[in-house]
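Novice: Pasting in a structure now, in structure tokens, and then I'll have a few things to ask.
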Amino acid sequence: MDQSPGVPHHGCLSPEATLREIQINLLECKVCFETFNSQQRERRPQNLSCGHVLCLECITGLSHALLRKLECPFCRQLCSVDAVSHCQVLSDLQELLLSPKPSSSSAPPHRAKEGFILETSLHLCATFGGWGTLINPTRIAVLGSTGGVVVVHDGEKRVVVFNQQGRKLHSFGERGTGNGDICYPVDVAVTPTGHVIVTDAGDKAVKVFTSRGIHKVTIKDCFQLPWGVDTDSGGQILVSDIQVGTLFRIKVDFNHGVILEIQTVIANLQCPKAVAHCRKTGNTAVMEHPREKHQNRKLKVFTKDFHLLYQMDSFILTLQSSFRLNISNVAFSSDGDVVVSDSDQGLICSLGNLQNNLVLTPLVGHHLIRPAGLVLLDNSIIIVDGGDHTVKIYSNKPDA
């Protein structure tokens with residue numbers, strides 16, 4: 001059977017996707033997940049006698065101090081520390097692929113599927129976090145009053161708060177299933193009053209904290225698998241359940257930690273993984289990720305009364321552009337424009353105001369591996385990148 005236009009053959013990757021796969025699967029140590037670096041002795045890639053490659057620091061840490069032997073963590077073969085050798089081919093590959101490119105006064109182009117060059121309009125101006133500080137981060141939010149950046153990840157304390165200069169302020173949400181603990185955080189949102197809302201898929205609950213991490217209330221029993229979350233201008237919580245395909249609106253007395261109302265506002269959704277609310281228009285966007293691979297991801301936008309306003313899917317976007325855009329997440333700009341991410345290609349695009357006409361504008365693509373969550377401010381986009389466990393801030397000002 002002929003393949004649909006715009007859909008790649010199974011196993012075929014674009015040059016940009018291939019580069020990201022190399023960065024993730026070849027150019028980092030699979031024990032500590034730190035990027036190999038031939039300039040730092042402890043990060044140099046080393047060949048074990050079995051053929052697997054680890055950084056020197058992990059080899060030292062895993063080996064017996066007296067016997068000078070270690071069991072390969074991948075194939076369990078016993079290897080001698082004295083027999084390891086520098087993996088020059090990975091060092092050469094890293095230098096070839098990741099060497100700095102000449103700077104330019106404009107944002108660098110992003111090479112998308114089938115070699116199309118996309119001129120992106122925003123510039124990378126700050127990066128912070130990294131493996132250890134963040135472990136497989138999934139979503140991001142911003143504290144409106146302080147501008148603090150809130151990230152959920154897989155660390156011992158599941159919620160980390162940074163300032164916008166990248167300094168870690170504090171963390172909270174111990175790993176666990178206790179009342180104020182977080183088992184498996186998926187998404188995070190912040191209310192206008194500064195309360196932090198976390199969806200905990202492991203505990204099948206939504207958990208509310210103050211900005212300092214004091215647990216206020218846990219909402220559960222009404223969910224099968226809560227996932228995406230955002231809040232409206234009145235502080236009501238909007239949370240999707242990917243198991244039953246619903247969107248809930250929850251009203252909470254945050255001061256007293258009391259649940260006032262739980263209402264199903266949208267039903268019959270297909271695996272709704274992302275939710276975004278527009279403070280300007282009152283519209284709510286939901287991103288559907290159907291479980292069947294042959295079905296396209298779908299973006300639906302609803303009015304403030306939750307009537308369907310418009311919808312589109314990845315296939316429609318492909319037909320209207322010169323490259324494939326496999327949408328994975330959604331956010332709104334302060335002007336009400338719809339902005340989507342493509343975690344497969346490492347790309348952020350604006351779709352404009354969809355009530356008028358679709359105007360697809362690539363915004364971010366350079367230095368981005370796997371965008372997991374995004375927040376739009378007036379002149380910048382803050383993105384959590386699950387590919388290298390960092391937070392990245394892009395601005396339309398090169399010197400920002």
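Ordering of the structure tokens sets the chain letters (A, B, ...), residue numbers begin anew at 1 in every chain, and ligands are numbered from 1 in the order given.
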If you run DSSP over the backbone, which residues in region 189-242 of chain A end up strand (DSSP E)? Put them as a ChimeraX atom specification.

Specialist: /A:189-190,196-200,205-209,215-220,226-231,237-241

Novice: Could you please take those selected residues and save N, CA and C atoms as a compact mmCIF listing (two decimals), in the first residue's frame?

Specialist:
```txt
# COMPACT_ATOMS: atom_id res chain seq x y z
N ALA A 189 2.00 23.32 36.50
CA ALA A 189 1.42 24.63 36.18
C ALA A 189 1.46 25.49 37.43
N VAL A 190 1.30 26.79 37.24
CA VAL A 190 1.33 27.73 38.35
C VAL A 190 0.08 28.60 38.28
N VAL A 196 1.74 25.91 43.02
CA VAL A 196 2.31 25.00 42.03
C VAL A 196 1.45 23.74 41.96
N ILE A 197 1.00 23.41 40.75
CA ILE A 197 0.15 22.25 40.53
C ILE A 197 0.95 21.20 39.78
N VAL A 198 0.99 19.97 40.29
CA VAL A 198 1.75 18.89 39.66
C VAL A 198 0.83 17.71 39.41
N THR A 199 0.85 17.19 38.18
CA THR A 199 0.15 15.93 37.91
C THR A 199 1.10 14.77 38.21
N ASP A 200 0.65 13.86 39.05
CA ASP A 200 1.45 12.71 39.48
C ASP A 200 0.81 11.46 38.90
N ALA A 205 -2.87 11.25 40.76
CA ALA A 205 -3.38 12.38 41.54
C ALA A 205 -2.85 13.70 41.00
N VAL A 206 -3.51 14.77 41.40
CA VAL A 206 -3.03 16.13 41.17
C VAL A 206 -2.68 16.71 42.54
N LYS A 207 -1.48 17.25 42.68
CA LYS A 207 -1.00 17.71 43.98
C LYS A 207 -0.69 19.20 43.93
N VAL A 208 -1.11 19.89 44.97
CA VAL A 208 -1.00 21.36 45.03
C VAL A 208 -0.04 21.74 46.15
N PHE A 209 0.91 22.63 45.81
CA PHE A 209 1.91 23.11 46.76
C PHE A 209 1.95 24.64 46.71
N HIS A 215 2.89 21.45 51.03
CA HIS A 215 1.79 20.72 50.44
C HIS A 215 0.46 21.25 50.97
N LYS A 216 -0.47 21.53 50.05
CA LYS A 216 -1.77 22.08 50.43
C LYS A 216 -2.90 21.06 50.31
N VAL A 217 -2.95 20.34 49.19
CA VAL A 217 -4.03 19.39 48.99
C VAL A 217 -3.67 18.41 47.88
N THR A 218 -4.17 17.19 47.98
CA THR A 218 -4.04 16.18 46.94
C THR A 218 -5.42 15.84 46.40
N ILE A 219 -5.55 15.86 45.08
CA ILE A 219 -6.82 15.56 44.42
C ILE A 219 -6.67 14.22 43.71
N LYS A 220 -7.45 13.23 44.11
CA LYS A 220 -7.38 11.92 43.47
C LYS A 220 -8.74 11.24 43.52
N PRO A 226 -4.10 11.06 35.33
CA PRO A 226 -3.98 12.50 35.04
C PRO A 226 -2.66 12.80 34.34
N TRP A 227 -2.67 13.78 33.44
CA TRP A 227 -1.47 14.04 32.65
C TRP A 227 -1.21 15.55 32.48
N GLY A 228 -1.83 16.16 31.46
CA GLY A 228 -1.57 17.58 31.20
C GLY A 228 -2.30 18.47 32.18
N VAL A 229 -1.70 19.63 32.50
CA VAL A 229 -2.33 20.55 33.45
C VAL A 229 -2.00 21.99 33.11
N ASP A 230 -2.95 22.87 33.36
CA ASP A 230 -2.75 24.32 33.29
C ASP A 230 -3.80 24.95 34.21
N THR A 231 -3.72 26.24 34.39
CA THR A 231 -4.72 26.94 35.20
C THR A 231 -5.27 28.11 34.41
N ILE A 237 -8.11 24.81 38.07
CA ILE A 237 -7.17 23.85 37.49
C ILE A 237 -7.83 23.13 36.33
N LEU A 238 -7.12 23.07 35.19
CA LEU A 238 -7.56 22.30 34.03
C LEU A 238 -6.61 21.12 33.89
N VAL A 239 -7.13 19.91 33.99
CA VAL A 239 -6.27 18.72 33.94
C VAL A 239 -6.90 17.66 33.06
N SER A 240 -6.06 17.04 32.22
CA SER A 240 -6.54 15.99 31.31
C SER A 240 -6.28 14.62 31.91
N ASP A 241 -7.13 13.68 31.54
CA ASP A 241 -6.97 12.28 31.93
C ASP A 241 -6.81 11.49 30.63
```

Novice: So that I can check the surroundings of region 346-358 of chain A, please list as a ChimeraX atom specification every protein, DNA and RNA residue that reaches within 8 Å of it, counting only C-alpha atoms and ignoring chain neighbours fewer than 4 positions away.

Specialist: /A:310,336-342,362-365,368-371

Novice: If we count only C-alpha atoms, what is near Gly235 (chain A) at a cut-off of 8 Å, once residues fewer than 5 positions away on the same chain are taken out, given as a list in words?

Specialist: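 Near Gly235 (chain A), the qualifying residues are Thr191, Pro192, Thr193 and Lys251 of chain A.
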
Novice: Please save N, CA and C atoms of the selected residues as a PDB file, in the first residue's frame.

Specialist:
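Writing the result to selection27.pdb gives the following:
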```
ATOM      1  N   THR A 191      -0.607  28.748  39.402  1.00  0.00           N
ATOM      2  CA  THR A 191      -1.807  29.588  39.458  1.00  0.00           C
ATOM      3  C   THR A 191      -1.412  31.062  39.538  1.00  0.00           C
ATOM      4  N   PRO A 192      -2.352  31.975  39.281  1.00  0.00           N
ATOM      5  CA  PRO A 192      -2.046  33.407  39.421  1.00  0.00           C
ATOM      6  C   PRO A 192      -1.596  33.790  40.829  1.00  0.00           C
ATOM      7  N   THR A 193      -1.996  33.004  41.847  1.00  0.00           N
ATOM      8  CA  THR A 193      -1.577  33.291  43.219  1.00  0.00           C
ATOM      9  C   THR A 193      -0.251  32.623  43.578  1.00  0.00           C
ATOM     10  N   LYS A 251     -12.017  23.462  40.992  1.00  0.00           N
ATOM     11  CA  LYS A 251     -11.958  24.685  41.794  1.00  0.00           C
ATOM     12  C   LYS A 251     -11.496  24.326  43.197  1.00  0.00           C
TER      13      LYS A 251
END
```

Novice: Just the number, please: distance in Å from CA of Ser395 (chain A) to CA of Phe172 (chain A), one decimal.

Specialist: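 Rounded to one decimal, the two atoms are 29.0 Å apart.
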
Novice: Using backbone DSSP assignments, extract all alpha helix (DSSP H) residues from region 136-334 of chain A; output them as a list of chain:residue names.

Specialist: A:Ser314, A:Phe315, A:Ile316, A:Leu317, A:Thr318, A:Leu319

Novice: What is the CA of Glu174 (chain A) to CA of Arg139 (chain A) distance in Å?

Specialist: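 For CA of Glu174 (chain A) relative to CA of Arg139 (chain A), the distance reads 17.2 Å.
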